[in-house]
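As provided, my_file_1.txt (compact mmCIF, C-alpha atoms) reads as follows.
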```txt
# COMPACT_ATOMS: atom_id res chain seq x y z
CA MET A 8 26.82 35.65 -39.56
CA LYS A 9 23.45 37.29 -38.88
CA LYS A 10 21.81 34.74 -41.20
CA LEU A 11 23.41 31.87 -39.25
CA ILE A 12 22.19 33.33 -35.96
CA SER A 13 18.68 33.67 -37.36
CA ILE A 14 18.67 30.07 -38.52
CA LEU A 15 19.87 28.86 -35.12
CA PHE A 16 17.19 30.97 -33.42
CA VAL A 17 14.45 29.44 -35.58
CA VAL A 18 15.76 25.93 -34.98
CA THR A 19 15.79 26.56 -31.24
CA ILE A 20 12.19 27.81 -31.28
CA ILE A 21 11.01 24.85 -33.37
CA SER A 22 12.87 22.41 -31.11
CA GLY A 23 11.25 23.97 -28.06
CA LEU A 24 7.82 23.69 -29.60
CA PHE A 25 8.46 20.08 -30.58
CA TRP A 26 9.68 19.19 -27.09
CA GLY A 27 6.66 20.87 -25.52
CA CYS A 28 4.30 18.90 -27.76
CA GLU A 29 6.15 15.68 -27.06
CA LYS A 30 5.77 16.12 -23.30
CA LYS A 31 2.08 16.92 -23.68
CA GLU A 32 1.49 13.78 -25.73
CA ASN A 33 3.17 11.51 -23.18
CA PRO A 34 1.73 11.63 -19.67
CA PRO A 35 3.78 9.97 -16.92
CA ALA A 36 3.01 6.35 -16.18
CA LEU A 37 0.68 5.90 -13.23
CA PRO A 38 2.11 3.92 -10.30
CA PRO A 39 0.62 0.41 -10.04
CA ALA A 40 -2.68 0.22 -8.15
CA GLY A 41 -1.02 -2.40 -5.94
CA THR A 42 1.09 0.33 -4.34
CA MET A 43 -1.88 1.03 -2.09
CA SER A 44 -2.71 -2.52 -1.04
CA ILE A 45 -0.73 -5.27 0.67
CA ASP A 46 -1.50 -8.72 -0.69
CA PHE A 47 -3.18 -10.64 2.15
CA SER A 48 -4.74 -13.19 -0.21
CA THR A 49 -1.94 -15.79 -0.05
CA PHE A 50 -1.82 -15.80 3.74
CA SER A 51 -4.02 -18.82 4.45
CA THR A 52 -3.82 -22.57 4.75
CA SER A 53 -4.14 -24.44 1.46
CA LYS A 54 -5.40 -27.77 2.76
CA LYS A 55 -7.93 -28.92 5.31
CA SER A 56 -6.78 -30.97 8.27
CA ALA A 57 -7.21 -34.71 7.90
CA ILE A 58 -9.58 -34.75 10.89
CA THR A 59 -12.25 -32.14 11.48
CA GLU A 60 -14.28 -31.55 14.61
CA GLY A 61 -17.46 -32.90 13.07
CA GLU A 62 -15.93 -36.12 11.81
CA LEU A 63 -14.54 -37.67 14.98
CA LYS A 64 -15.32 -36.27 18.39
CA GLY A 65 -12.90 -36.91 21.21
CA ILE A 66 -9.78 -36.62 19.04
CA ALA A 67 -7.89 -33.38 19.52
CA LEU A 68 -7.51 -31.14 16.52
CA GLY A 69 -4.08 -29.97 15.47
CA ASP A 70 -2.72 -27.03 17.44
CA LYS A 71 -2.77 -24.02 15.12
CA THR A 72 -1.60 -21.35 17.57
CA ASN A 73 1.49 -20.41 15.53
CA TRP A 74 -0.49 -19.79 12.35
CA LEU A 75 -3.36 -18.15 14.24
CA LEU A 76 -1.00 -15.62 15.86
CA ALA A 77 0.44 -14.78 12.44
CA ALA A 78 -3.03 -14.58 10.88
CA THR A 79 -4.35 -12.39 13.70
CA THR A 80 -1.40 -10.01 13.41
CA ALA A 81 -1.90 -9.69 9.66
CA GLY A 82 -5.66 -9.42 10.15
CA VAL A 83 -5.38 -6.39 12.42
CA TRP A 84 -3.49 -4.52 9.73
CA ASN A 85 -5.84 -5.80 7.03
CA ILE A 86 -8.77 -4.20 8.87
CA ILE A 87 -6.90 -0.94 9.46
CA LEU A 88 -5.99 -0.65 5.80
CA ALA A 89 -9.33 -1.85 4.44
CA VAL A 90 -11.28 0.71 6.46
CA ASN A 91 -9.01 3.67 5.76
CA LEU A 92 -8.02 2.97 2.17
CA VAL A 93 -11.36 2.06 0.60
CA ILE A 94 -11.95 5.52 -0.92
CA PRO A 95 -8.33 6.25 -1.98
CA VAL A 96 -7.90 2.79 -3.51
CA ALA A 97 -11.22 2.98 -5.35
CA SER A 98 -10.41 6.42 -6.75
CA PHE A 99 -6.89 5.54 -7.85
CA GLU A 100 -7.73 2.20 -9.50
CA LEU A 101 -10.05 3.95 -11.96
CA ALA A 102 -7.45 6.46 -13.16
CA VAL A 103 -5.67 3.93 -15.36
CA ASP A 104 -8.68 3.74 -17.70
CA LYS A 105 -9.12 7.51 -17.99
CA THR A 106 -7.54 9.91 -20.47
CA PRO A 107 -5.75 12.89 -18.88
CA VAL A 108 -5.46 16.44 -20.17
CA PHE A 109 -2.47 18.76 -19.84
CA LEU A 110 -3.28 21.91 -17.84
CA ASP A 111 -1.00 24.41 -16.08
CA ASN A 112 2.08 22.24 -16.55
CA LYS A 113 0.34 19.21 -14.99
CA TRP A 114 -1.47 16.16 -16.27
CA VAL A 115 -5.00 15.96 -14.88
CA TRP A 116 -7.26 12.90 -14.64
CA SER A 117 -10.89 13.84 -13.73
CA TYR A 118 -13.75 11.39 -13.21
CA ASP A 119 -16.60 10.28 -10.93
CA PHE A 120 -16.68 7.07 -8.92
CA ASN A 121 -18.96 5.32 -6.43
CA VAL A 122 -18.12 3.72 -3.07
CA VAL A 123 -20.79 2.08 -0.89
CA GLY A 124 -23.60 3.96 -2.64
CA ALA A 125 -21.95 7.39 -2.43
CA THR A 126 -20.80 9.43 -5.42
CA TYR A 127 -17.37 11.07 -5.39
CA LYS A 128 -15.43 13.24 -7.80
CA ALA A 129 -11.73 12.60 -8.26
CA LYS A 130 -9.04 14.84 -9.68
CA LEU A 131 -5.60 13.28 -9.92
CA THR A 132 -2.70 15.47 -11.01
CA GLY A 133 0.76 14.37 -12.10
CA GLN A 134 3.66 16.76 -12.59
CA GLU A 135 6.99 15.60 -13.96
CA MET A 136 9.91 16.94 -11.95
CA SER A 137 13.65 16.53 -12.58
CA ASN A 138 13.95 13.13 -10.86
CA ASP A 139 10.40 11.99 -10.18
CA VAL A 140 6.69 12.61 -10.68
CA LYS A 141 4.65 14.48 -8.07
CA TRP A 142 1.11 13.12 -7.60
CA GLU A 143 -1.89 14.70 -5.87
CA MET A 144 -5.39 13.23 -5.54
CA TYR A 145 -8.25 15.63 -4.76
CA ILE A 146 -11.62 14.12 -3.83
CA SER A 147 -15.03 15.64 -3.17
CA ARG A 148 -18.39 14.05 -2.36
CA GLU A 149 -21.88 14.83 -3.59
CA GLY A 150 -25.30 14.28 -2.02
CA VAL A 151 -25.74 13.17 1.59
CA GLY A 152 -22.55 13.76 3.55
CA ALA A 153 -21.21 16.02 0.81
CA PHE A 154 -17.88 17.73 1.28
CA ALA A 155 -15.79 20.10 -0.81
CA GLU A 156 -12.69 19.05 -2.71
CA LEU A 157 -9.79 18.12 -0.46
CA LEU A 158 -6.33 16.71 -0.92
CA TRP A 159 -6.83 13.09 0.18
CA PHE A 160 -3.41 11.75 -0.73
CA GLU A 161 -0.20 12.78 -2.44
CA GLY A 162 3.13 11.23 -3.29
CA THR A 163 6.01 10.79 -5.68
CA SER A 164 7.23 8.05 -7.99
CA LYS A 165 10.52 7.65 -9.79
CA LEU A 166 10.48 8.40 -13.50
CA ASP A 167 11.07 4.70 -14.24
CA GLY A 168 7.98 3.78 -12.17
CA LYS A 169 9.93 1.31 -10.00
CA SER A 170 9.54 2.95 -6.59
CA GLY A 171 7.76 5.72 -4.76
CA GLN A 172 5.91 6.95 -1.71
CA TRP A 173 2.35 7.92 -0.80
CA ILE A 174 1.12 10.05 2.11
CA LEU A 175 -2.57 9.54 2.85
CA ASN A 176 -4.69 11.87 4.96
CA HIS A 177 -7.21 10.47 7.42
CA SER A 178 -10.56 11.87 6.21
CA GLN A 179 -12.48 14.97 5.22
CA GLN A 180 -13.13 15.63 8.93
CA PHE A 181 -9.46 15.22 9.85
CA PRO A 182 -7.41 16.01 6.72
CA GLU A 183 -4.13 15.17 8.43
CA PRO A 184 -1.38 12.67 7.52
CA MET A 185 -2.24 9.14 8.65
CA LEU A 186 -0.34 6.62 6.53
CA GLN A 187 2.98 6.69 4.74
CA ILE A 188 3.36 4.02 2.07
CA ASP A 189 6.81 3.24 0.68
CA TRP A 190 6.75 0.87 -2.27
CA GLU A 191 9.09 -0.81 -4.72
CA VAL A 192 8.51 -2.93 -7.82
CA VAL A 193 10.49 -6.16 -8.01
CA GLY A 194 10.22 -7.87 -11.38
CA SER A 195 6.66 -7.39 -12.59
CA SER A 196 4.92 -6.97 -9.22
CA ILE A 197 5.08 -5.00 -5.99
CA GLY A 198 7.91 -6.81 -4.23
CA ASN A 199 8.31 -4.55 -1.21
CA ILE A 200 5.74 -2.29 0.44
CA LYS A 201 5.71 -0.71 3.88
CA TYR A 202 2.80 0.97 5.65
CA THR A 203 3.78 3.29 8.51
CA TYR A 204 1.08 4.82 10.71
CA ILE A 205 2.02 8.48 11.17
CA ARG A 206 -1.07 10.09 12.70
CA ASP A 207 -0.27 12.21 15.77
CA LYS A 208 -3.70 12.36 17.39
CA LYS A 209 -6.88 10.29 17.52
CA ASP A 210 -10.29 11.72 16.64
CA ASP A 211 -10.77 12.82 20.28
CA ARG A 212 -7.44 14.68 19.93
CA SER A 213 -5.64 12.49 22.46
CA THR A 214 -2.16 11.23 21.58
CA ASP A 215 -2.27 8.33 19.13
CA LEU A 216 0.08 5.76 20.63
CA PHE A 217 -0.10 3.67 17.45
CA LYS A 218 2.02 6.28 15.66
CA ASN A 219 5.22 4.86 14.12
CA SER A 220 3.78 1.34 14.02
CA TYR A 221 4.29 -0.34 10.66
CA ILE A 222 3.82 -3.48 8.62
CA GLN A 223 6.19 -4.34 5.79
CA TYR A 224 5.37 -6.91 3.11
CA GLY A 225 7.80 -8.33 0.61
CA LEU A 226 8.71 -11.19 -1.71
CA THR A 227 12.00 -13.09 -1.84
CA THR A 228 13.50 -16.04 -3.68
CA ASN A 229 13.60 -18.17 -0.52
CA THR A 230 11.46 -21.27 -0.01
CA LEU A 231 9.36 -19.18 2.35
CA ASN A 232 9.09 -16.49 -0.27
CA ALA A 233 6.78 -13.95 1.37
CA PHE A 234 7.14 -12.03 4.61
CA TYR A 235 5.61 -9.53 6.99
CA ASN A 236 7.74 -7.50 9.37
CA VAL A 237 5.50 -5.91 11.98
CA HIS A 238 6.42 -3.22 14.50
CA GLN A 239 3.42 -2.07 16.47
CA ASN A 240 2.55 -0.26 19.67
CA THR A 241 1.30 -2.26 22.64
CA GLY A 242 -0.90 0.51 24.03
CA VAL A 243 1.85 1.82 26.30
CA VAL A 244 3.89 4.92 25.49
CA ASN A 245 7.06 4.05 23.55
CA VAL A 246 6.55 0.29 23.97
CA PHE A 247 6.44 -1.68 20.72
CA ASN A 248 6.38 -5.37 19.81
CA ASP A 249 8.23 -6.78 16.82
CA ILE A 250 6.80 -9.77 14.94
CA PHE A 251 8.43 -11.48 11.95
CA ILE A 252 6.40 -13.77 9.70
CA GLU A 253 7.56 -15.78 6.68
CA TRP A 254 5.51 -18.19 4.60
CA ASN A 255 5.30 -19.93 1.24
CA SER A 256 2.72 -18.17 -0.89
CA THR A 257 1.85 -21.40 -2.74
CA ASN A 258 1.93 -24.11 -0.06
CA HIS A 259 1.10 -21.74 2.82
CA ASN A 260 3.43 -23.31 5.37
CA GLY A 261 5.53 -20.86 7.35
CA HIS A 262 6.89 -19.66 10.65
CA ILE A 263 6.68 -16.76 13.07
CA LYS A 264 9.09 -15.12 15.49
CA ALA A 265 7.52 -13.05 18.29
CA ASP A 266 9.58 -12.57 21.42
CA SER A 267 6.79 -10.76 23.27
CA TYR A 268 4.44 -13.74 22.77
CA PHE A 269 6.69 -16.79 22.93
CA GLN A 270 9.27 -15.29 25.33
CA ASP A 271 12.10 -16.47 23.09
CA ASN A 272 13.82 -15.44 19.87
CA LEU A 273 13.09 -18.68 17.99
CA TRP A 274 11.03 -19.44 14.91
CA HIS A 275 7.72 -21.25 15.53
CA CYS A 276 6.45 -23.18 12.51
CA TRP A 277 3.21 -24.40 10.93
CA ASN A 278 2.57 -26.78 8.03
CA GLU A 279 0.32 -26.55 4.94
CA THR A 280 -2.81 -27.15 7.02
CA GLY A 281 -1.86 -24.56 9.61
CA ASP A 282 -0.94 -27.08 12.31
CA ASN A 283 2.00 -26.40 14.58
CA VAL A 284 5.08 -28.42 13.63
CA THR A 285 8.64 -28.62 14.90
CA CYS A 286 10.93 -26.40 12.85
CA ASN A 287 13.62 -28.48 11.10
CA TYR A 288 16.34 -25.86 11.51
```
Will you turn the file into structure tokens for me?
Amino acid sequence: MKKLISILFVVTIISGLFWGCEKKENPPALPPAGTMSIDFSTFSTSKKSAITEGELKGIALGDKTNWLLAATTAGVWNIILAVNLVIPVASFELAVDKTPVFLDNKWVWSYDFNVVGATYKAKLTGQEMSNDVKWEMYISREGVGAFAELLWFEGTSKLDGKSGQWILNHSQQFPEPMLQIDWEVVGSSIGNIKYTYIRDKKDDRSTDLFKNSYIQYGLTTNTLNAFYNVHQNTGVVNVFNDIFIEWNSTNHNGHIKADSYFQDNLWHCWNETGDNVTCNY
């Protein structure tokens, strides 16, 4: 009996060692880099209008107000995200090509990167939990404008890598939550991603009325297969506008619904050249 117990004890120890080695040899899969960037590239007109201003003066150009409103709405968010995500996106995109090490029960990716002539150091950690992976990205800067290591963003992803969330802080000067990103993989690409602005105060410490505004991007199997759902503050306390945009990512025709702008709850359409057209539904 004692011999059997001894054998079982040895087997248990060996199994534990084997499992520990197996975990150390298999770091968790990094979330796709696209989880930090909405695809604005397909939101444009694919063809030029038949008549341009320089070709024939005196003939009115097509009215593009429907598309322009949609493009302006998307453009505002594009600027917000481009300005605030340039460093986090740059740091995270490089991690996929780096080899991590296993330290203190976490996987650690360490490397340098450059953004607009400045040198930064990145340390990304990933820790496997029972149901997901916890991620933390620490960034520091060297040279002019140097700052010590700070937690720039953190988040979680499901073990299957199909969904997750990021929380990004504003900056080294104001290391406070600014953006919440909820993402989901559909098929082989990011099929649903939502950016919610969660910052409480502006740099001058006044109340940030833009808090709780969001833009959601997704893909569907409909003819108009891409969409933005936008909920954003108007500049007045607790007053938000809702804008719904759908378009075809190949042909670039689409429609927009914006009650605050059109004073109705109808879709307003544009064709492949961005000209206003009557919706056929």
#### Entry: Test item: which residues lie within 12 Å of (13.2, 5.9, -7.6) counting only C-alpha atoms, as a VMD selection string
chain A and resid 38 137 to 140 163 to 172 189 to 192
### Task
Counting all atoms listed in the file, note down every residue that has an atom within 10 Å of the point (-16.4, 5.2, -7.5) (file coordinates), as a list in words.
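Protein and nucleic acid residues near the point are Ile94, Pro95, Val96, Ala97, Ser98, Phe99, Glu100, Leu101, Tyr118, Asp119, Phe120, Asn121, Val122, Val123, Gly124, Ala125, Thr126, Tyr127, Lys128 and Ala129 of chain A.
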### Task
Figure out the distance between atom CA of A:Asn283 and atom CA of A:Asn73, please, to one decimal in Å.
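Computing the Euclidean distance for atom CA of A:Asn73 and atom CA of A:Asn283 yields 6.1 Å.
Closest approach to A:Asn199 among A:Met43, A:Leu131, A:Leu37, A:Met136 is made by A:Met43 (distances from only C-alpha atoms).
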### Message
Set the distance at 8 Å and use only C-alpha atoms: which residues neighbour A:Thr227 once local chain neighbours fewer than 5 positions away are removed? I'd like the list as an MDAnalysis selection string.
### Response
chainID A and resid 198 232:233
Restrict the selected residues to C-alpha atoms and save them as a short mmCIF file (atom, residue, chain, number, x, y, z; two decimals), in the coordinates of the input.
```
data_model
loop_
_atom_site.label_atom_id
_atom_site.label_comp_id
_atom_site.auth_asym_id
_atom_site.auth_seq_id
_atom_site.Cartn_x
_atom_site.Cartn_y
_atom_site.Cartn_z
CA GLY A 198 7.91 -6.81 -4.23
CA ASN A 232 9.09 -16.49 -0.27
CA ALA A 233 6.78 -13.95 1.37
#
```
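Reported to one decimal place, the separation of atom CA of A:Ser48 from atom CA of A:Met185 is 24.2 Å.
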Quick one: residues within 7 Å of stretch 257-264 of chain A, all atoms listed in the file counted, chain neighbours fewer than 4 positions away excluded, as a PDB file with C-alpha atoms, in the frame of the given file?
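Generated file (out-v6.pdb):
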```pdb
ATOM      1  CA  PHE A  50      -1.820 -15.800   3.740  1.00  0.00           C
ATOM      2  CA  SER A  51      -4.020 -18.820   4.450  1.00  0.00           C
ATOM      3  CA  THR A  52      -3.820 -22.570   4.750  1.00  0.00           C
ATOM      4  CA  SER A  53      -4.140 -24.440   1.460  1.00  0.00           C
ATOM      5  CA  ASN A  73       1.490 -20.410  15.530  1.00  0.00           C
ATOM      6  CA  ALA A  77       0.440 -14.780  12.440  1.00  0.00           C
ATOM      7  CA  LEU A 231       9.360 -19.180   2.350  1.00  0.00           C
ATOM      8  CA  ILE A 250       6.800  -9.770  14.940  1.00  0.00           C
ATOM      9  CA  PHE A 251       8.430 -11.480  11.950  1.00  0.00           C
ATOM     10  CA  ILE A 252       6.400 -13.770   9.700  1.00  0.00           C
ATOM     11  CA  GLU A 253       7.560 -15.780   6.680  1.00  0.00           C
ATOM     12  CA  ASN A 272      13.820 -15.440  19.870  1.00  0.00           C
ATOM     13  CA  LEU A 273      13.090 -18.680  17.990  1.00  0.00           C
ATOM     14  CA  TRP A 274      11.030 -19.440  14.910  1.00  0.00           C
ATOM     15  CA  HIS A 275       7.720 -21.250  15.530  1.00  0.00           C
ATOM     16  CA  CYS A 276       6.450 -23.180  12.510  1.00  0.00           C
ATOM     17  CA  TRP A 277       3.210 -24.400  10.930  1.00  0.00           C
ATOM     18  CA  ASN A 278       2.570 -26.780   8.030  1.00  0.00           C
ATOM     19  CA  GLU A 279       0.320 -26.550   4.940  1.00  0.00           C
ATOM     20  CA  GLY A 281      -1.860 -24.560   9.610  1.00  0.00           C
TER      21      GLY A 281
END
```
#### Entry: Counting all atoms listed in the file, the residue of A:Ala102, A:Met144, A:Ala81, A:Val244 that sits nearest A:Asp215
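Between A:Ala102, A:Met144, A:Ala81, A:Val244, the residue approaching A:Asp215 most closely is A:Val244.
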### Query
When you draw a straight line from atom CA of A:Val90 to atom CA of A:Gly133, how long is it in Å?
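Straight-line distance from atom CA of A:Val90 to atom CA of A:Gly133 works out to 26.0 Å.
In this comparison, which uses all atoms listed in the file, the residue of A:Ile174, A:Ala89, A:Val151, A:Leu75 approaching A:Asp46 most closely is A:Ala89.
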